[in-house]
>>> print(open('start.cif').read())   # mmCIF, C-alpha atoms
data_target
loop_
_atom_site.label_atom_id
_atom_site.label_comp_id
_atom_site.auth_asym_id
_atom_site.auth_seq_id
_atom_site.Cartn_x
_atom_site.Cartn_y
_atom_site.Cartn_z
CA MET Z 1 23.70 -10.91 9.95
CA LEU Z 2 23.90 -7.18 9.57
CA ASP Z 3 26.20 -5.30 11.89
CA PRO Z 4 23.71 -3.32 13.97
CA GLU Z 5 25.77 -0.13 13.87
CA GLU Z 6 27.64 -0.19 10.54
CA GLY Z 7 25.31 -2.13 8.29
CA ILE Z 8 26.20 -2.54 4.64
CA GLU Z 9 26.24 -0.17 1.74
CA VAL Z 10 23.40 -1.24 -0.56
CA ALA Z 11 24.13 1.19 -3.37
CA SER Z 12 25.57 4.59 -4.12
CA LEU Z 13 25.39 7.14 -6.90
CA GLU Z 14 27.39 10.24 -7.66
CA THR Z 15 26.21 12.64 -10.33
CA VAL Z 16 25.86 16.32 -11.14
CA ALA Z 17 23.06 18.13 -9.33
CA ALA Z 18 21.43 19.38 -12.53
CA PRO Z 19 17.70 19.24 -13.44
CA ALA Z 20 18.45 16.85 -16.30
CA ASN Z 21 19.75 14.32 -13.77
CA LEU Z 22 16.67 14.16 -11.53
CA ARG Z 23 15.35 11.30 -13.69
CA ALA Z 24 18.55 9.30 -13.17
CA ILE Z 25 18.51 9.94 -9.42
CA LEU Z 26 14.89 8.80 -9.05
CA ALA Z 27 15.56 5.77 -11.26
CA PHE Z 28 18.61 4.91 -9.15
CA PHE Z 29 16.55 4.95 -5.99
CA ALA Z 30 13.70 2.95 -7.54
CA GLY Z 31 16.20 0.33 -8.69
CA THR Z 32 17.87 0.27 -5.30
CA CYS Z 33 14.54 -0.36 -3.57
CA ALA Z 34 13.68 -3.16 -6.01
CA GLY Z 35 17.08 -4.80 -5.53
CA ALA Z 36 17.15 -4.45 -1.76
CA GLY Z 37 13.55 -5.48 -1.16
CA ILE Z 38 12.53 -2.07 0.19
CA ALA Z 39 8.77 -2.02 -0.31
CA GLY Z 40 5.43 -0.72 0.88
CA PRO Z 41 5.13 2.40 3.01
CA VAL Z 42 8.88 2.40 3.81
CA ARG Z 43 9.69 2.63 0.10
CA HIS Z 44 7.01 5.28 -0.42
CA ASP Z 45 8.29 7.46 2.38
CA LEU Z 46 11.98 7.12 1.48
CA ARG Z 47 11.21 7.81 -2.18
CA LEU Z 48 9.42 10.99 -1.18
CA ALA Z 49 12.22 12.14 1.13
CA VAL Z 50 14.92 11.36 -1.46
CA GLU Z 51 13.08 13.27 -4.19
CA GLU Z 52 12.53 16.28 -1.96
CA VAL Z 53 16.12 16.48 -0.70
CA CYS Z 54 17.68 15.92 -4.13
CA SER Z 55 15.30 18.37 -5.85
CA ASN Z 56 16.25 20.92 -3.25
CA VAL Z 57 19.97 20.47 -3.92
CA ILE Z 58 19.34 20.68 -7.68
CA ARG Z 59 17.19 23.81 -7.46
CA HIS Z 60 18.78 25.73 -4.63
CA GLY Z 61 22.12 24.15 -3.74
CA TYR Z 62 24.38 25.62 -6.36
CA GLY Z 63 24.43 28.92 -8.21
CA PRO Z 64 22.62 29.24 -11.55
CA GLY Z 65 24.57 27.52 -14.33
CA ARG Z 66 27.22 26.21 -11.94
CA PRO Z 67 25.92 22.83 -10.75
CA GLY Z 68 28.16 20.73 -8.54
CA PRO Z 69 28.16 17.13 -7.35
CA ILE Z 70 25.50 15.25 -5.44
CA ARG Z 71 26.13 11.86 -3.89
CA LEU Z 72 23.64 9.34 -2.51
CA GLU Z 73 24.54 6.38 -0.35
CA VAL Z 74 21.96 3.84 0.78
CA ARG Z 75 22.85 1.72 3.81
CA GLU Z 76 20.92 -1.12 5.35
CA LEU Z 77 21.28 -1.74 9.07
CA ALA Z 78 19.63 -4.37 11.24
CA ASP Z 79 16.64 -2.25 12.15
CA ARG Z 80 16.67 0.64 9.66
CA TYR Z 81 17.72 2.16 6.36
CA GLU Z 82 19.95 5.22 6.20
CA ILE Z 83 20.28 7.33 3.08
CA ALA Z 84 23.03 9.92 3.10
CA ILE Z 85 22.82 12.72 0.53
CA GLU Z 86 25.91 14.89 0.20
CA ASP Z 87 26.64 17.99 -1.79
CA ARG Z 88 29.40 20.56 -2.05
CA ALA Z 89 27.08 23.53 -2.00
CA ALA Z 90 26.82 26.41 0.46
CA PRO Z 91 25.80 25.35 3.96
CA PHE Z 92 22.10 24.72 4.43
CA ASP Z 93 20.69 23.22 7.61
CA PRO Z 94 17.20 21.78 6.95
CA ALA Z 95 16.27 22.79 10.50
CA SER Z 96 16.25 26.36 9.19
CA ALA Z 97 13.51 25.58 6.63
CA PRO Z 98 10.29 27.25 7.80
CA VAL Z 99 7.27 25.17 8.77
CA PRO Z 100 4.36 25.94 6.41
CA ASP Z 101 1.22 27.49 7.89
CA LEU Z 102 -1.37 24.77 7.31
CA THR Z 103 -4.23 26.88 8.67
CA LEU Z 104 -4.24 29.40 5.82
CA ASP Z 105 -7.25 29.66 3.53
CA TRP Z 106 -6.72 28.28 0.03
CA GLU Z 107 -6.29 31.73 -1.49
CA ASP Z 108 -3.39 32.51 0.81
CA ARG Z 109 -1.53 29.20 0.53
CA PRO Z 110 1.85 29.58 -1.17
CA LEU Z 111 2.56 27.14 -4.01
CA GLY Z 112 5.82 25.94 -2.48
CA GLY Z 113 7.45 25.41 0.88
CA GLN Z 114 6.21 21.87 1.53
CA GLY Z 115 9.36 19.89 0.71
CA TRP Z 116 11.29 19.88 3.98
CA HIS Z 117 8.04 19.73 5.95
CA LEU Z 118 7.18 16.46 4.18
CA VAL Z 119 10.70 15.09 4.66
CA ARG Z 120 10.60 15.74 8.41
CA ASN Z 121 7.25 13.95 8.65
CA VAL Z 122 7.98 10.80 6.66
CA VAL Z 123 11.35 9.80 8.12
CA ASP Z 124 12.07 8.66 11.67
CA GLU Z 125 15.16 10.82 11.96
CA LEU Z 126 16.69 13.60 9.86
CA ARG Z 127 20.38 14.23 10.55
CA TYR Z 128 22.38 17.13 9.25
CA GLU Z 129 26.13 17.62 9.14
CA ARG Z 130 27.97 20.53 7.64
CA LEU Z 131 30.97 19.27 5.67
CA PRO Z 132 34.26 21.11 5.39
CA GLY Z 133 35.05 22.46 2.05
CA PRO Z 134 32.04 23.47 1.92
CA GLY Z 135 29.21 20.96 1.74
CA ASN Z 136 26.25 19.34 3.43
CA ARG Z 137 25.30 15.82 4.41
CA VAL Z 138 21.64 15.05 5.09
CA THR Z 139 20.93 11.56 6.41
CA LEU Z 140 17.42 10.14 6.17
CA VAL Z 141 16.74 7.40 8.70
CA LYS Z 142 13.76 5.08 8.30
CA ARG Z 143 13.10 2.14 10.58
CA LYS Z 144 12.11 -1.20 9.07
CA PRO Z 145 8.65 -2.52 9.93
CA LYS Z 146 9.02 -4.62 13.09
CA ASN Z 147 7.47 -7.76 11.59
CA ARG Z 148 9.60 -7.74 8.44
CA ARG Z 149 13.19 -7.81 9.72
CA MET S 1 2.43 8.93 -15.72
CA GLU S 2 -0.50 8.80 -18.13
CA VAL S 3 -3.38 11.26 -18.27
CA SER S 4 -6.74 10.89 -20.01
CA LEU S 5 -9.70 13.28 -20.02
CA THR S 6 -13.42 12.68 -20.33
CA ASP S 7 -16.15 15.30 -20.26
CA VAL S 8 -19.25 14.37 -18.24
CA GLY S 9 -21.65 17.24 -18.82
CA ASP S 10 -19.99 20.37 -17.47
CA VAL S 11 -17.45 18.36 -15.48
CA THR S 12 -14.12 17.21 -16.89
CA VAL S 13 -12.89 13.97 -15.35
CA THR S 14 -9.15 13.47 -15.59
CA THR S 15 -7.75 10.03 -14.91
CA VAL S 16 -4.11 9.92 -13.87
CA VAL S 17 -2.17 6.67 -13.83
CA GLY S 18 1.24 6.54 -12.16
CA SER S 19 3.34 8.92 -10.08
CA ILE S 20 3.17 12.70 -9.84
CA ASP S 21 6.73 13.75 -9.16
CA GLY S 22 9.25 16.35 -10.23
CA LEU S 23 9.38 14.72 -13.67
CA THR S 24 5.66 14.53 -14.37
CA ALA S 25 3.93 17.27 -12.35
CA GLY S 26 4.58 19.97 -14.97
CA GLY S 27 2.95 17.95 -17.74
CA LEU S 28 -0.14 17.31 -15.63
CA GLN S 29 -0.39 20.99 -14.78
CA ASP S 30 -0.13 21.95 -18.47
CA THR S 31 -2.89 19.47 -19.37
CA LEU S 32 -5.26 20.70 -16.67
CA GLU S 33 -4.55 24.38 -17.28
CA ALA S 34 -5.28 23.90 -20.99
CA ARG S 35 -8.74 22.61 -20.04
CA ILE S 36 -9.34 25.58 -17.72
CA HIS S 37 -8.27 28.00 -20.44
CA ALA S 38 -10.72 26.23 -22.77
CA GLY S 39 -13.47 27.20 -20.36
CA ARG S 40 -13.74 23.97 -18.38
CA ASN S 41 -13.42 24.94 -14.71
CA GLN S 42 -15.22 22.05 -13.03
CA LEU S 43 -12.49 19.44 -12.75
CA VAL S 44 -12.44 16.02 -11.10
CA VAL S 45 -9.20 14.08 -11.00
CA ASP S 46 -9.47 10.34 -10.49
CA PHE S 47 -6.58 9.40 -8.19
CA ALA S 48 -7.40 5.69 -7.96
CA ALA S 49 -4.25 4.78 -9.91
CA VAL S 50 -1.95 7.47 -8.46
CA ASP S 51 0.57 5.76 -6.20
CA TYR S 52 2.68 8.77 -5.30
CA THR S 53 2.86 12.53 -5.21
CA SER S 54 5.74 14.68 -4.06
CA SER S 55 5.71 18.40 -3.27
CA ALA S 56 6.00 19.00 -7.03
CA GLY S 57 2.60 17.34 -7.41
CA LEU S 58 1.16 19.30 -4.48
CA ARG S 59 2.26 22.51 -6.17
CA THR S 60 0.36 21.45 -9.31
CA LEU S 61 -2.77 20.49 -7.36
CA LEU S 62 -2.83 23.81 -5.51
CA ALA S 63 -2.14 25.89 -8.63
CA VAL S 64 -4.94 24.16 -10.55
CA MET S 65 -7.34 24.39 -7.62
CA LYS S 66 -6.73 28.13 -7.35
CA GLU S 67 -7.26 28.63 -11.08
CA THR S 68 -10.55 26.74 -11.16
CA ARG S 69 -11.93 28.53 -8.10
CA ARG S 70 -10.94 31.95 -9.39
CA ALA S 71 -12.78 31.06 -12.59
CA GLY S 72 -15.89 30.17 -10.56
CA GLY S 73 -15.39 26.41 -10.62
CA ASP S 74 -13.57 23.89 -8.44
CA PHE S 75 -11.05 21.07 -8.52
CA ARG S 76 -11.99 17.89 -6.69
CA LEU S 77 -10.16 14.62 -6.12
CA ALA S 78 -11.61 11.12 -6.14
CA ALA S 79 -10.43 7.75 -4.83
CA VAL S 80 -7.19 8.92 -3.20
CA ARG S 81 -5.04 6.00 -2.04
CA PRO S 82 -3.72 5.83 1.56
CA ASP S 83 -0.06 6.79 0.92
CA VAL S 84 -1.12 9.78 -1.18
CA HIS S 85 -3.86 10.72 1.28
CA ARG S 86 -1.25 10.85 4.06
CA VAL S 87 0.84 13.29 1.99
CA LEU S 88 -2.26 15.45 1.42
CA GLU S 89 -2.92 15.40 5.17
CA LEU S 90 0.66 16.23 6.14
CA SER S 91 0.64 19.19 3.80
CA GLY S 92 -2.69 20.49 5.08
CA PHE S 93 -4.40 19.94 1.73
CA THR S 94 -7.25 17.83 3.12
CA SER S 95 -8.68 20.96 4.76
CA ILE S 96 -8.80 22.97 1.52
CA LEU S 97 -9.43 20.31 -1.15
CA LYS S 98 -12.68 18.41 -1.58
CA LEU S 99 -12.12 14.66 -1.63
CA PHE S 100 -14.61 12.01 -2.69
CA ALA S 101 -14.68 8.22 -2.45
CA GLY S 102 -15.14 7.84 -6.20
CA THR S 103 -15.42 9.81 -9.43
CA ASP S 104 -19.19 9.33 -9.60
CA GLU S 105 -19.63 11.03 -6.24
CA ALA S 106 -17.21 13.80 -7.21
CA VAL S 107 -19.03 14.46 -10.50
CA ALA S 108 -22.41 14.35 -8.72
CA SER S 109 -21.19 16.93 -6.19
CA PHE S 110 -20.90 19.45 -9.01
CA GLN S 111 -24.22 18.49 -10.55
CA ALA S 112 -25.95 18.81 -7.18
CA GLY S 113 -24.60 22.32 -7.10
CA SER S 114 -22.90 21.78 -3.76
CA GLY S 115 -20.56 24.65 -3.20
CA ARG S 116 -17.18 24.50 -1.67
#
>>> encode(input="start.cif", output="structure tokens")
Amino acid sequence: MLDPEEGIEVASLETVAAPANLRAILAFFAGTCAGAGIAGPVRHDLRLAVEEVCSNVIRHGYGPGRPGPIRLEVRELADRYEIAIEDRAAPFDPASAPVPDLTLDWEDRPLGGQGWHLVRNVVDELRYERLPGPGNRVTLVKRKPKNRR
Amino acid sequence: MEVSLTDVGDVTVTTVVGSIDGLTAGGLQDTLEARIHAGRNQLVVDFAAVDYTSSAGLRTLLAVMKETRRAGGDFRLAAVRPDVHRVLELSGFTSILKLFAGTDEAVASFQAGSGR
């Protein structure tokens, strides 16, 4: 029986937030889902949120040529999954990411700016903590389907 | 991700199998842009076997759509699966991209001369 508040750590990964490591991060999460039985729309949505958050840390978190660490921790609780993603980069609160204007005509749509918007819409809760030192912790919370606990 | 291309008259049908993510989106964009630069600006992408797209894939779809339209053509999607369709909806792409139930309908939409 899972502790409803603490849960258990399913898996964790610490690596360097460099473009060459995106493949390893995505493979880690795919393997974690397979091992933990995370499937269907929950897996889809968490996969999307994990890719967006980690890509953001890789691209924007650290200065050019000076990548730092990124750490992922996947926890399973009784009613939900929580994925914490930590870095040691300059503070960035996802709440400050602008919401894209979805009413623009195709010619005026910018090519980027969808990442955090998607994250906010596919998780049930998006927590942010600024870490001392500096650093950031983003926690993605996704509830399990009610009939599959 | 695997990509294959078939020309059906003036329309190029691209079949994508797999996931369009930060690892694969660039390759897909290169493939499609090469076709546009070769003068093929009526593109249909068969999404029946695409299980996932992230914002990296959305960036590719929008870039290619803009290039085809500026060249006088269009970029249309066929057979989009529910998880991917939801991502297209969330990002506001369903209001600017033409979606079809299947590749035959998407190809026919060009041949019927239906505009965007």
>>> atom_distance(input="start.cif", atom1="atom CA of S:Val107", atom2="atom CA of S:Gly26")
24.7 Å
>>> resolve_selection(input="start.cif", expression="the PyMOL selection byres ((chain Z and resi 126-142) around 8)", output="list in words")
Val42, Leu46, Ala49, Arg80, Tyr81, Glu82, Ile83, Ala84, Ile85, Glu86, Asp87, Arg88, Ala89, Ala90, Pro91, Phe92, Asp93, Pro94, Arg120, Val123, Asp124, Glu125, Arg143 and Lys144 of chain Z
>>> resolve_selection(input="start.cif", expression="the PyMOL selection byres ((chain Z) within 12 of (chain S))", output="PyMOL selection string")
chain Z and resi 19-27+40-56+58-59+99-122
>>> residues_around(input="start.cif", residues="S:Asp74", least_positions_apart="4", cutoff="8 Å", atoms="all atoms listed in the file", output="short mmCIF file (atom, residue, chain, number, x, y, z; two decimals) with C-alpha atoms, in the coordinates of the input")
data_model
loop_
_atom_site.label_atom_id
_atom_site.label_comp_id
_atom_site.auth_asym_id
_atom_site.auth_seq_id
_atom_site.Cartn_x
_atom_site.Cartn_y
_atom_site.Cartn_z
CA ASN S 41 -13.42 24.94 -14.71
CA GLN S 42 -15.22 22.05 -13.03
CA LEU S 43 -12.49 19.44 -12.75
CA MET S 65 -7.34 24.39 -7.62
CA THR S 68 -10.55 26.74 -11.16
CA ARG S 69 -11.93 28.53 -8.10
CA ARG S 116 -17.18 24.50 -1.67
#
>>> atom_distance(input="start.cif", atom1="atom CA of Z:Cys33", atom2="atom CA of S:Ile20")
18.4 Å
>>> resolve_selection(input="start.cif", expression="the PyMOL selection byres ((chain S and resi 35-40) around 12)", output="PDB file with C-alpha atoms, in the frame of the given file")
ATOM      1  CA  SER S   4      -6.740  10.890 -20.010  1.00  0.00           C
ATOM      2  CA  LEU S   5      -9.700  13.280 -20.020  1.00  0.00           C
ATOM      3  CA  THR S   6     -13.420  12.680 -20.330  1.00  0.00           C
ATOM      4  CA  ASP S   7     -16.150  15.300 -20.260  1.00  0.00           C
ATOM      5  CA  VAL S   8     -19.250  14.370 -18.240  1.00  0.00           C
ATOM      6  CA  GLY S   9     -21.650  17.240 -18.820  1.00  0.00           C
ATOM      7  CA  ASP S  10     -19.990  20.370 -17.470  1.00  0.00           C
ATOM      8  CA  VAL S  11     -17.450  18.360 -15.480  1.00  0.00           C
ATOM      9  CA  THR S  12     -14.120  17.210 -16.890  1.00  0.00           C
ATOM     10  CA  VAL S  13     -12.890  13.970 -15.350  1.00  0.00           C
ATOM     11  CA  THR S  14      -9.150  13.470 -15.590  1.00  0.00           C
ATOM     12  CA  LEU S  28      -0.140  17.310 -15.630  1.00  0.00           C
ATOM     13  CA  GLN S  29      -0.390  20.990 -14.780  1.00  0.00           C
ATOM     14  CA  ASP S  30      -0.130  21.950 -18.470  1.00  0.00           C
ATOM     15  CA  THR S  31      -2.890  19.470 -19.370  1.00  0.00           C
ATOM     16  CA  LEU S  32      -5.260  20.700 -16.670  1.00  0.00           C
ATOM     17  CA  GLU S  33      -4.550  24.380 -17.280  1.00  0.00           C
ATOM     18  CA  ALA S  34      -5.280  23.900 -20.990  1.00  0.00           C
ATOM     19  CA  ASN S  41     -13.420  24.940 -14.710  1.00  0.00           C
ATOM     20  CA  GLN S  42     -15.220  22.050 -13.030  1.00  0.00           C
ATOM     21  CA  LEU S  43     -12.490  19.440 -12.750  1.00  0.00           C
ATOM     22  CA  VAL S  44     -12.440  16.020 -11.100  1.00  0.00           C
ATOM     23  CA  ALA S  63      -2.140  25.890  -8.630  1.00  0.00           C
ATOM     24  CA  VAL S  64      -4.940  24.160 -10.550  1.00  0.00           C
ATOM     25  CA  MET S  65      -7.340  24.390  -7.620  1.00  0.00           C
ATOM     26  CA  LYS S  66      -6.730  28.130  -7.350  1.00  0.00           C
ATOM     27  CA  GLU S  67      -7.260  28.630 -11.080  1.00  0.00           C
ATOM     28  CA  THR S  68     -10.550  26.740 -11.160  1.00  0.00           C
ATOM     29  CA  ARG S  69     -11.930  28.530  -8.100  1.00  0.00           C
ATOM     30  CA  ARG S  70     -10.940  31.950  -9.390  1.00  0.00           C
ATOM     31  CA  ALA S  71     -12.780  31.060 -12.590  1.00  0.00           C
ATOM     32  CA  GLY S  72     -15.890  30.170 -10.560  1.00  0.00           C
ATOM     33  CA  GLY S  73     -15.390  26.410 -10.620  1.00  0.00           C
ATOM     34  CA  ASP S  74     -13.570  23.890  -8.440  1.00  0.00           C
ATOM     35  CA  PHE S  75     -11.050  21.070  -8.520  1.00  0.00           C
TER      36      PHE S  75
END
>>> atom_distance(input="start.cif", atom1="atom CA of S:Thr24", atom2="atom CA of S:Asp104")
25.8 Å
>>> residues_around(input="start.cif", residues="S:Leu77", least_positions_apart="5", cutoff="7 Å", atoms="all atoms listed in the file", output="number ranges by chain")
S: 44-47, 98-100
>>> residues_around(input="start.cif", residues="stretch 16-18 of chain Z", least_positions_apart="5", cutoff="6 Å", atoms="only C-alpha atoms", output="PyMOL selection string")
chain Z and resi 58+67-70
